[in-house]
$ cat protein.txt   # compact mmCIF, C-alpha atoms and all ligand atoms
# COMPACT_ATOMS: atom_id res chain seq x y z
CA MET F 1 0.00 0.00 0.00
CA LEU F 2 1.36 3.42 -0.89
CA PHE F 3 -1.17 6.11 -0.09
CA HIS F 4 -4.88 6.18 0.62
CA VAL F 5 -6.68 7.64 -2.37
CA ASP F 6 -8.46 10.47 -0.65
CA PRO F 7 -10.84 12.62 -2.74
CA ALA F 8 -9.39 15.62 -0.87
CA LEU F 9 -5.87 14.75 -2.06
CA ASN F 10 -4.28 17.79 -3.65
CA PHE F 11 -0.63 17.83 -4.61
CA THR F 12 1.95 19.19 -7.00
CA PHE F 13 4.92 17.58 -8.66
CA PRO F 14 7.19 20.28 -10.09
CA PRO F 15 8.57 20.51 -13.66
CA PHE F 16 11.48 18.17 -14.29
CA PRO F 17 13.77 19.73 -16.90
CA THR F 18 16.38 16.95 -16.99
CA GLU F 19 16.36 14.40 -19.81
CA LEU F 20 17.26 11.02 -18.32
CA ARG F 21 19.37 8.70 -20.49
CA PHE F 22 20.08 5.39 -18.73
CA GLY F 23 21.92 2.32 -20.02
CA CYS F 24 25.13 0.30 -20.00
CA GLY F 25 27.63 1.69 -22.50
CA LEU F 26 25.59 4.84 -23.16
CA SER F 27 28.47 7.13 -22.18
CA SER F 28 30.04 6.40 -25.59
CA GLU F 29 27.17 8.41 -27.13
CA ILE F 30 27.97 11.63 -25.29
CA GLY F 31 29.42 13.22 -28.43
CA ALA F 32 26.08 13.02 -30.23
CA MET F 33 24.28 14.31 -27.12
CA ALA F 34 26.63 17.30 -26.92
CA ARG F 35 26.05 17.97 -30.63
CA GLU F 36 22.26 17.84 -30.09
CA LEU F 37 22.72 20.61 -27.53
CA GLY F 38 24.55 22.67 -30.17
CA SER F 39 27.86 22.52 -28.35
CA SER F 40 31.33 22.86 -29.84
CA ARG F 41 33.46 23.56 -26.72
CA VAL F 42 33.10 21.56 -23.50
CA LEU F 43 34.44 22.04 -19.99
CA LEU F 44 34.77 18.59 -18.40
CA VAL F 45 34.49 19.00 -14.61
CA THR F 46 35.83 16.11 -12.58
CA ASP F 47 38.45 15.16 -9.98
CA ALA F 48 42.02 14.01 -10.38
CA GLY F 49 41.20 10.47 -9.18
CA ILE F 50 38.69 9.96 -12.01
CA VAL F 51 41.28 11.09 -14.57
CA LYS F 52 43.95 8.84 -13.03
CA ALA F 53 41.59 5.85 -13.09
CA GLY F 54 41.12 6.36 -16.85
CA VAL F 55 37.38 7.05 -16.51
CA ALA F 56 37.59 10.59 -17.93
CA ARG F 57 38.78 9.08 -21.23
CA ARG F 58 35.40 7.33 -21.51
CA LEU F 59 33.98 10.81 -22.20
CA THR F 60 36.84 12.78 -23.75
CA GLU F 61 37.35 10.27 -26.57
CA PRO F 62 33.74 10.22 -27.86
CA LEU F 63 33.47 14.00 -27.40
CA GLU F 64 36.63 14.61 -29.42
CA THR F 65 35.63 12.04 -32.05
CA ALA F 66 32.41 14.02 -32.51
CA GLY F 67 34.55 17.10 -33.23
CA LEU F 68 34.18 18.91 -29.91
CA GLN F 69 37.01 20.72 -28.15
CA VAL F 70 37.37 19.44 -24.58
CA LEU F 71 38.89 21.50 -21.80
CA LEU F 72 39.63 19.41 -18.70
CA PHE F 73 39.08 20.86 -15.21
CA ASP F 74 40.04 18.19 -12.65
CA GLU F 75 40.30 20.24 -9.45
CA VAL F 76 37.09 19.10 -7.74
CA MET F 77 37.64 18.04 -4.12
CA GLN F 78 35.22 16.56 -1.59
CA ASP F 79 32.33 18.94 -0.83
CA SER F 80 32.85 21.40 -3.72
CA SER F 81 34.58 24.61 -2.64
CA SER F 82 32.97 27.94 -3.56
CA ASP F 83 36.32 29.39 -4.75
CA MET F 84 36.91 26.41 -7.02
CA ILE F 85 33.44 26.83 -8.55
CA MET F 86 34.09 30.50 -9.28
CA ARG F 87 37.55 29.75 -10.73
CA ALA F 88 36.11 27.13 -13.10
CA ALA F 89 33.20 29.40 -14.10
CA ALA F 90 35.69 32.18 -14.95
CA LEU F 91 37.68 29.71 -17.05
CA ALA F 92 34.51 28.63 -18.89
CA LYS F 93 33.67 32.26 -19.71
CA GLU F 94 37.23 33.14 -20.75
CA ARG F 95 37.50 30.15 -23.10
CA GLY F 96 34.04 30.48 -24.68
CA VAL F 97 32.79 27.14 -23.33
CA ASP F 98 29.18 26.35 -24.33
CA LEU F 99 28.59 23.09 -22.43
CA ILE F 100 29.57 21.85 -18.97
CA VAL F 101 29.96 18.11 -18.46
CA GLY F 102 30.23 16.85 -14.87
CA LEU F 103 31.79 13.43 -14.30
CA GLY F 104 32.16 11.80 -10.89
CA GLY F 105 30.43 11.50 -7.55
CA GLY F 106 28.17 14.06 -5.92
CA SER F 107 30.89 16.68 -5.43
CA ALA F 108 31.86 16.69 -9.13
CA LEU F 109 28.26 16.81 -10.32
CA ASP F 110 27.20 19.46 -7.78
CA SER F 111 30.24 21.49 -8.85
CA ALA F 112 29.43 21.09 -12.56
CA LYS F 113 25.86 22.32 -12.04
CA ALA F 114 27.06 25.32 -10.02
CA ILE F 115 29.76 26.13 -12.61
CA ALA F 116 27.14 25.97 -15.40
CA ALA F 117 25.03 28.48 -13.42
CA MET F 118 27.94 30.81 -12.64
CA ALA F 119 29.18 30.81 -16.24
CA THR F 120 26.12 32.95 -17.09
CA ASN F 121 25.05 34.57 -13.81
CA PRO F 122 26.47 37.63 -12.04
CA GLY F 123 28.12 37.73 -8.62
CA SER F 124 29.29 34.75 -6.58
CA ILE F 125 27.65 31.34 -6.19
CA LEU F 126 27.26 32.29 -2.51
CA ASP F 127 24.92 35.13 -3.55
CA TRP F 128 22.39 32.53 -4.72
CA VAL F 129 22.22 30.18 -1.73
CA GLY F 130 18.65 28.93 -1.26
CA LEU F 131 15.92 27.67 -3.58
CA ASP F 132 15.04 29.29 -6.94
CA ARG F 133 17.27 32.33 -6.44
CA VAL F 134 19.58 31.96 -9.48
CA PRO F 135 18.29 34.69 -11.85
CA LEU F 136 19.53 33.68 -15.33
CA ASP F 137 19.50 30.46 -17.33
CA PRO F 138 22.74 28.46 -16.97
CA LEU F 139 24.93 26.91 -19.65
CA PRO F 140 23.61 23.45 -20.52
CA CYS F 141 25.09 20.75 -18.30
CA ILE F 142 25.37 16.99 -18.80
CA CYS F 143 25.87 15.09 -15.53
CA VAL F 144 27.52 11.66 -15.70
CA PRO F 145 27.60 9.89 -12.32
CA THR F 146 30.36 7.42 -11.41
CA ALA F 147 28.70 6.62 -8.08
CA ALA F 148 25.16 5.56 -7.20
CA GLY F 149 24.26 7.82 -4.32
CA THR F 150 23.62 11.54 -4.30
CA GLY F 151 21.29 11.59 -7.29
CA SER F 152 22.85 14.97 -8.11
CA GLU F 153 22.43 14.17 -11.82
CA VAL F 154 18.65 14.54 -11.41
CA SER F 155 18.38 16.66 -8.28
CA VAL F 156 17.43 20.26 -7.86
CA TRP F 157 20.30 20.98 -5.43
CA SER F 158 23.99 21.76 -5.66
CA VAL F 159 25.71 21.44 -2.28
CA LEU F 160 28.98 23.30 -1.79
CA THR F 161 31.31 24.56 0.92
CA ASP F 162 31.56 28.28 1.67
CA ASP F 163 35.34 28.71 1.79
CA ALA F 164 35.06 31.77 4.04
CA THR F 165 33.25 29.94 6.86
CA GLY F 166 33.89 26.25 6.12
CA ALA F 167 30.12 25.64 6.32
CA LYS F 168 28.13 23.73 3.74
CA ALA F 169 25.47 25.57 1.75
CA SER F 170 22.94 24.62 -0.95
CA VAL F 171 21.95 26.37 -4.15
CA GLY F 172 18.84 24.93 -5.77
CA GLY F 173 16.17 25.33 -8.40
CA THR F 174 15.43 24.39 -12.00
CA ARG F 175 18.32 26.64 -13.12
CA VAL F 176 20.69 24.41 -11.14
CA MET F 177 19.53 21.17 -12.77
CA ALA F 178 21.34 19.19 -15.44
CA ARG F 179 19.96 19.29 -19.00
CA ILE F 180 20.87 15.61 -19.44
CA ALA F 181 21.54 12.96 -16.78
CA LEU F 182 23.67 10.38 -18.58
CA CYS F 183 23.57 7.31 -16.36
CA ASP F 184 25.86 4.49 -17.50
CA PRO F 185 26.20 1.73 -14.87
CA GLU F 186 29.51 0.64 -16.48
CA LEU F 187 31.09 3.85 -15.16
CA THR F 188 30.28 2.86 -11.56
CA VAL F 189 32.04 -0.53 -11.73
CA SER F 190 35.42 0.76 -10.54
CA LEU F 191 34.01 2.42 -7.41
CA PRO F 192 35.73 0.87 -4.32
CA PRO F 193 33.56 -1.15 -1.88
CA ALA F 194 33.67 1.41 0.96
CA VAL F 195 32.52 4.25 -1.32
CA THR F 196 29.91 2.00 -2.93
CA ALA F 197 28.55 1.27 0.56
CA ALA F 198 28.49 4.87 1.79
CA THR F 199 27.00 6.33 -1.41
CA GLY F 200 24.45 3.50 -1.59
CA MET F 201 23.36 4.22 1.98
CA ASP F 202 23.03 7.90 1.03
CA ALA F 203 20.61 6.89 -1.74
CA LEU F 204 18.71 4.80 0.84
CA GLY F 205 18.62 7.86 3.12
CA HIS F 206 17.10 9.95 0.31
CA ALA F 207 14.45 7.34 -0.41
CA VAL F 208 13.48 6.63 3.21
CA GLU F 209 13.56 10.25 4.39
CA CYS F 210 11.52 11.28 1.35
CA TYR F 211 8.97 8.45 1.71
CA VAL F 212 8.17 9.01 5.40
CA ASN F 213 8.19 12.79 5.47
CA LYS F 214 5.21 15.13 5.77
CA ALA F 215 5.66 16.58 2.26
CA CYS F 216 5.65 13.23 0.47
CA GLN F 217 2.95 12.74 -2.18
CA PRO F 218 2.07 9.75 -4.41
CA VAL F 219 4.58 10.44 -7.21
CA SER F 220 7.56 10.87 -4.86
CA GLY F 221 6.28 8.01 -2.70
CA ALA F 222 6.11 5.54 -5.59
CA LEU F 223 9.60 6.44 -6.80
CA ALA F 224 11.07 6.34 -3.30
CA LEU F 225 9.55 2.98 -2.42
CA GLN F 226 10.88 1.44 -5.64
CA ALA F 227 14.32 2.89 -4.85
CA ILE F 228 14.21 1.30 -1.37
CA ALA F 229 13.34 -2.08 -2.87
CA LEU F 230 16.18 -1.84 -5.41
CA ILE F 231 18.69 -0.94 -2.68
CA GLY F 232 17.49 -3.79 -0.46
CA ARG F 233 18.02 -6.16 -3.38
CA HIS F 234 21.30 -4.84 -4.82
CA LEU F 235 23.48 -2.92 -2.34
CA ARG F 236 25.13 -5.91 -0.62
CA ARG F 237 26.08 -7.44 -3.98
CA ALA F 238 27.37 -4.12 -5.39
CA VAL F 239 29.67 -3.83 -2.36
CA ALA F 240 30.80 -7.48 -2.37
CA ASP F 241 31.17 -7.82 -6.15
CA GLY F 242 31.59 -4.45 -7.81
CA THR F 243 31.84 -6.03 -11.25
CA SER F 244 28.19 -7.15 -11.17
CA LEU F 245 26.50 -4.95 -13.74
CA GLU F 246 23.12 -6.15 -12.50
CA ALA F 247 23.87 -4.87 -8.98
CA ARG F 248 25.47 -1.67 -10.32
CA SER F 249 22.48 -1.01 -12.60
CA GLY F 250 20.05 -1.63 -9.75
CA MET F 251 21.91 0.78 -7.49
CA LEU F 252 22.25 3.50 -10.11
CA MET F 253 18.55 3.20 -10.95
CA ALA F 254 17.75 3.46 -7.22
CA ALA F 255 19.88 6.58 -6.79
CA VAL F 256 18.19 8.22 -9.79
CA LEU F 257 14.65 7.35 -8.66
CA ALA F 258 15.36 8.59 -5.13
CA GLY F 259 16.95 11.75 -6.55
CA ILE F 260 13.81 12.58 -8.55
CA ALA F 261 11.53 11.62 -5.65
CA MET F 262 13.17 13.97 -3.15
CA ASN F 263 13.18 17.09 -5.35
CA PRO F 264 9.81 18.41 -4.15
CA THR F 265 9.78 16.90 -0.64
CA ARG F 266 13.05 17.70 1.12
CA LEU F 267 14.30 14.97 3.48
CA GLY F 268 14.58 14.48 7.25
CA LEU F 269 16.78 14.55 10.34
CA ALA F 270 19.70 12.49 8.96
CA HIS F 271 20.13 15.05 6.18
CA ALA F 272 19.60 17.96 8.60
CA LEU F 273 22.52 16.61 10.66
CA ALA F 274 24.62 15.88 7.57
CA MET F 275 25.14 19.53 6.63
CA PRO F 276 26.98 20.55 9.84
CA LEU F 277 28.65 17.14 10.26
CA GLY F 278 30.15 17.68 6.79
CA SER F 279 31.27 21.23 7.62
CA TRP F 280 34.22 22.99 9.31
CA ASN F 281 37.03 20.67 10.44
CA LEU F 282 34.67 17.73 10.80
CA LYS F 283 34.17 17.08 7.09
CA ILE F 284 32.80 13.58 7.58
CA PRO F 285 31.88 12.12 4.16
CA HIS F 286 28.18 12.66 3.46
CA GLY F 287 27.28 9.04 2.72
CA THR F 288 28.99 7.82 5.89
CA ILE F 289 27.03 10.33 8.00
CA ILE F 290 23.74 9.21 6.46
CA ALA F 291 24.56 5.51 6.88
CA ILE F 292 25.36 6.00 10.58
CA THR F 293 22.57 8.40 11.52
CA LEU F 294 19.73 6.96 9.41
CA PRO F 295 18.88 3.95 11.66
CA GLU F 296 18.92 6.19 14.78
CA VAL F 297 16.66 8.73 13.05
CA MET F 298 14.33 5.92 11.93
CA ALA F 299 14.16 4.54 15.49
CA PHE F 300 13.20 8.04 16.72
CA ASN F 301 10.60 8.58 13.96
CA CYS F 302 8.92 5.25 13.45
CA SER F 303 6.17 5.69 16.05
CA ALA F 304 5.10 8.89 14.24
CA ALA F 305 4.54 7.20 10.86
CA PRO F 306 4.23 3.45 11.52
CA ASP F 307 2.38 2.64 8.29
CA ARG F 308 5.03 4.32 6.17
CA TYR F 309 7.88 2.59 8.02
CA ALA F 310 6.04 -0.73 7.73
CA ALA F 311 6.01 -0.20 3.95
CA VAL F 312 9.76 0.55 4.08
CA ALA F 313 10.32 -2.74 5.92
CA ALA F 314 8.32 -4.68 3.34
CA ALA F 315 10.17 -2.96 0.47
CA LEU F 316 13.47 -4.02 2.08
CA GLY F 317 12.26 -7.62 1.93
CA GLU F 318 11.23 -8.04 5.58
CA ASP F 319 8.32 -10.36 6.34
CA THR F 320 5.73 -8.09 7.94
CA ALA F 321 2.71 -10.35 7.44
CA GLY F 322 0.35 -10.32 10.41
CA LEU F 323 2.31 -7.69 12.35
CA GLU F 324 0.82 -4.55 13.85
CA PRO F 325 2.15 -1.44 12.03
CA GLU F 326 4.37 -0.48 14.99
CA ALA F 327 6.07 -3.90 15.05
CA ALA F 328 6.44 -3.91 11.25
CA ALA F 329 7.90 -0.38 11.42
CA ARG F 330 10.59 -1.53 13.87
CA LYS F 331 11.59 -4.18 11.33
CA ALA F 332 12.57 -1.35 8.97
CA VAL F 333 14.99 -0.02 11.60
CA ASP F 334 16.51 -3.48 12.10
CA ALA F 335 16.81 -4.02 8.33
CA VAL F 336 18.73 -0.77 7.86
CA ARG F 337 20.99 -1.59 10.82
CA SER F 338 21.86 -4.94 9.20
CA LEU F 339 22.45 -3.34 5.82
CA LYS F 340 24.80 -0.86 7.47
CA ALA F 341 26.71 -3.64 9.24
CA ASP F 342 26.81 -5.95 6.21
CA THR F 343 28.27 -3.24 3.97
CA GLY F 344 31.12 -2.38 6.36
CA ILE F 345 30.02 1.13 7.33
CA PRO F 346 31.91 2.44 10.43
CA GLU F 347 30.00 1.65 13.62
CA GLY F 348 29.60 5.25 14.79
CA LEU F 349 30.53 8.89 14.23
CA SER F 350 33.34 8.74 16.80
CA ALA F 351 35.25 6.51 14.34
CA CYS F 352 35.03 9.43 11.87
CA GLY F 353 36.56 12.12 14.10
CA PHE F 354 33.36 13.33 15.79
CA THR F 355 33.69 14.22 19.47
CA PRO F 356 30.97 15.33 21.95
CA GLU F 357 32.30 18.92 22.07
CA TRP F 358 30.89 19.37 18.56
CA SER F 359 27.33 18.36 19.55
CA GLU F 360 25.97 21.77 20.54
CA ARG F 361 27.21 23.50 17.38
CA VAL F 362 26.04 20.66 15.12
CA VAL F 363 22.56 20.58 16.69
CA GLU F 364 22.21 24.37 16.55
CA GLU F 365 23.00 24.36 12.80
CA ALA F 366 20.93 21.26 12.04
CA MET F 367 17.83 22.80 13.65
CA LYS F 368 17.94 25.59 11.01
CA SER F 369 17.52 23.03 8.19
CA GLY F 370 14.30 22.87 6.15
CA ASN F 371 14.58 19.10 6.55
CA VAL F 372 13.52 19.36 10.22
CA ALA F 373 10.14 20.91 9.41
CA VAL F 374 9.07 18.01 7.15
CA ASN F 375 10.37 15.25 9.45
CA PRO F 376 7.43 13.01 10.46
CA ARG F 377 8.00 13.56 14.20
CA ALA F 378 8.30 17.00 15.81
CA THR F 379 11.93 17.46 16.82
CA SER F 380 13.55 19.52 19.59
CA PRO F 381 17.26 20.30 19.98
CA ALA F 382 17.30 17.78 22.85
CA ASP F 383 15.92 15.10 20.49
CA LEU F 384 18.67 15.78 17.95
CA THR F 385 21.30 15.71 20.69
CA ALA F 386 20.01 12.30 21.81
CA ILE F 387 20.10 10.99 18.22
CA LEU F 388 23.70 12.22 17.86
CA GLN F 389 24.66 10.48 21.11
CA LYS F 390 23.19 7.21 19.86
CA ALA F 391 25.09 7.64 16.58
CA MET F 392 28.42 8.23 18.36
FE FE Q 401 22.27 12.70 0.82
$ encode --input "protein.txt" --output "structure tokens" --more "lines below"
Ligand SMILES: [Fe+2]
Amino acid sequence: MLFHVDPALNFTFPPFPTELRFGCGLSSEIGAMARELGSSRVLLVTDAGIVKAGVARRLTEPLETAGLQVLLFDEVMQDSSSDMIMRAAALAKERGVDLIVGLGGGSALDSAKAIAAMATNPGSILDWVGLDRVPLDPLPCICVPTAAGTGSEVSVWSVLTDDATGAKASVGGTRVMARIALCDPELTVSLPPAVTAATGMDALGHAVECYVNKACQPVSGALALQAIALIGRHLRRAVADGTSLEARSGMLMAAVLAGIAMNPTRLGLAHALAMPLGSWNLKIPHGTIIAITLPEVMAFNCSAAPDRYAAVAAALGEDTAGLEPEAAARKAVDAVRSLKADTGIPEGLSACGFTPEWSERVVEEAMKSGNVAVNPRATSPADLTAILQKAM
């Protein structure tokens, strides 16, 4: 069961400007896609590791064969710095670039989308923090994920780090979305097991936090529930045997579905905590934060939305037949705890450099997040502090 069909139901699903191209081997067709967009000069935004691993060649060769000039920008680091975005946008303007291609994990794709926006917009990327604030249309951007997690290739948000304060910030809206999401599971095969696990748990966090939250509606709910089922079926195998294209395809599909689902809903407490926990000197990787905090957040929330959590449990393959909703909901928490353990995620945040002195500052920042307002259970600072303690 997804949602009761209530005659009073009234909801909106916003415009989705991104063309989704999904399939093994499809990255070899990027030259034709760039040509369709009228491009002749491309800025390829990625990180040095992707270049070193030989993955960037999977795009540069077909782009060059199609007659495009390719300028490589491989300075993306974890959590996208605002100065780096502005430097790359200046380079794009100076060199007459007419298409941005992002290749990599969430940081590379978030950077590419922000660079595409700042290649045409005035000021600094930090002037446009928030939703729907970017005033002018961006350069077209093709996002090519090498990880199944953030869903940045289809999402409305670009997350970056404000270099002046070290805090994370988000710029969002249809002008920050990719024109094409080019999803080729073959490009995710070389992702190491630990990154596969953390990014996969991030996708699970998107799907679960979207599905149970107060803003969820039937379109997001259907996509999110399917994403949860795919992750339940494929994440362990993708971690244990990265060469399995079936598992990689299942995970990439899940990340994409969850990414589309969450665009109009926002998320929940795990993602509210993730912004400060990924900021300042903490800089804990986003997927790891979500993997560790998600089961604690679910345990806190499940009494507030037992039917939804019961559906999450069933989607994850748990047998909920004959159980009361509350008991079925608790099975969802247990299922996510086992998935976390089976995929080798660190036990708690203390293994990632988090110490109790950070709690007050993290909770204060997290409470400002729009993700708190849509969380299914009303949340106080003391509640968030308790969740952090359990996630230590
Ligand atoms: Fe996330």
$ atom_distance --input "protein.txt" --atom1 "CA of Ser155 (chain F)" --atom2 "CA of Gly205 (chain F)"
14.4 Å
$ residues_around --input "protein.txt" --residues "Ala147 (chain F)" --least-positions-apart "6" --cutoff "9 Å" --atoms "only C-alpha atoms" --output "ChimeraX atom specification"
/F:104-106,185,187-189,191,195-196,199-200,251-252,255
$ residues_near_ligand --input "protein.txt" --ligand "ligand FE 401 (chain Q)" --cutoff "7 Å" --atoms "only C-alpha atoms and all ligand atoms" --output "VMD selection string"
chain F and resid 150 202 to 203 205 to 206 271 286 to 287 290
$ closest_residue --input "protein.txt" --among "F:Thr165, F:Thr385, F:Ser350, F:Asn301" --to "Met367 (chain F)" --atoms "all atoms listed in the file"
F:Thr385
$ residues_around --input "protein.txt" --residues "region 13-30 of chain F" --least-positions-apart "4" --cutoff "6 Å" --atoms "only C-alpha atoms" --output "list in words"
Pro62, Ala178, Arg179, Ile180, Ala181, Leu182, Cys183, Asp184, Pro185 and Glu186 of chain F
$ atom_distance --input "protein.txt" --atom1 "CA of Ile100 (chain F)" --atom2 "CA of Ser81 (chain F)"
17.3 Å
$ residues_around --input "protein.txt" --residues "Ala328 (chain F)" --least-positions-apart "6" --cutoff "9 Å" --atoms "all atoms listed in the file" --output "ChimeraX atom specification"
/F:306-307,309-311,313-314,318-322
$ atom_distance --input "protein.txt" --atom1 "CA of Val312 (chain F)" --atom2 "CA of Thr243 (chain F)"
27.7 Å
$ residues_around --input "protein.txt" --residues "Ser338 (chain F)" --least-positions-apart "3" --cutoff "12 Å" --atoms "only C-alpha atoms" --output "PyMOL selection string"
chain F and resi 201+232+235-236+291-292+295+316+318+331-335+341-345+347
$ closest_residue --input "protein.txt" --among "F:Asn121, F:Ser39, F:Gln226, F:Ser279" --to "Arg361 (chain F)" --atoms "only C-alpha atoms"
F:Ser279
$ residues_around --input "protein.txt" --residues "Ile125 (chain F)" --least-positions-apart "6" --cutoff "8 Å" --atoms "all atoms listed in the file" --output "JSON, numbers by chain"
{"F": [82, 85, 86, 114, 118, 171]}
$ write_last_selection --input "protein.txt" --atoms "C-alpha atoms" --output "short mmCIF file (atom, residue, chain, number, x, y, z; two decimals), keeping the file's coordinate frame"
data_model
loop_
_atom_site.label_atom_id
_atom_site.label_comp_id
_atom_site.auth_asym_id
_atom_site.auth_seq_id
_atom_site.Cartn_x
_atom_site.Cartn_y
_atom_site.Cartn_z
CA SER F 82 32.97 27.94 -3.56
CA ILE F 85 33.44 26.83 -8.55
CA MET F 86 34.09 30.50 -9.28
CA ALA F 114 27.06 25.32 -10.02
CA MET F 118 27.94 30.81 -12.64
CA VAL F 171 21.95 26.37 -4.15
#
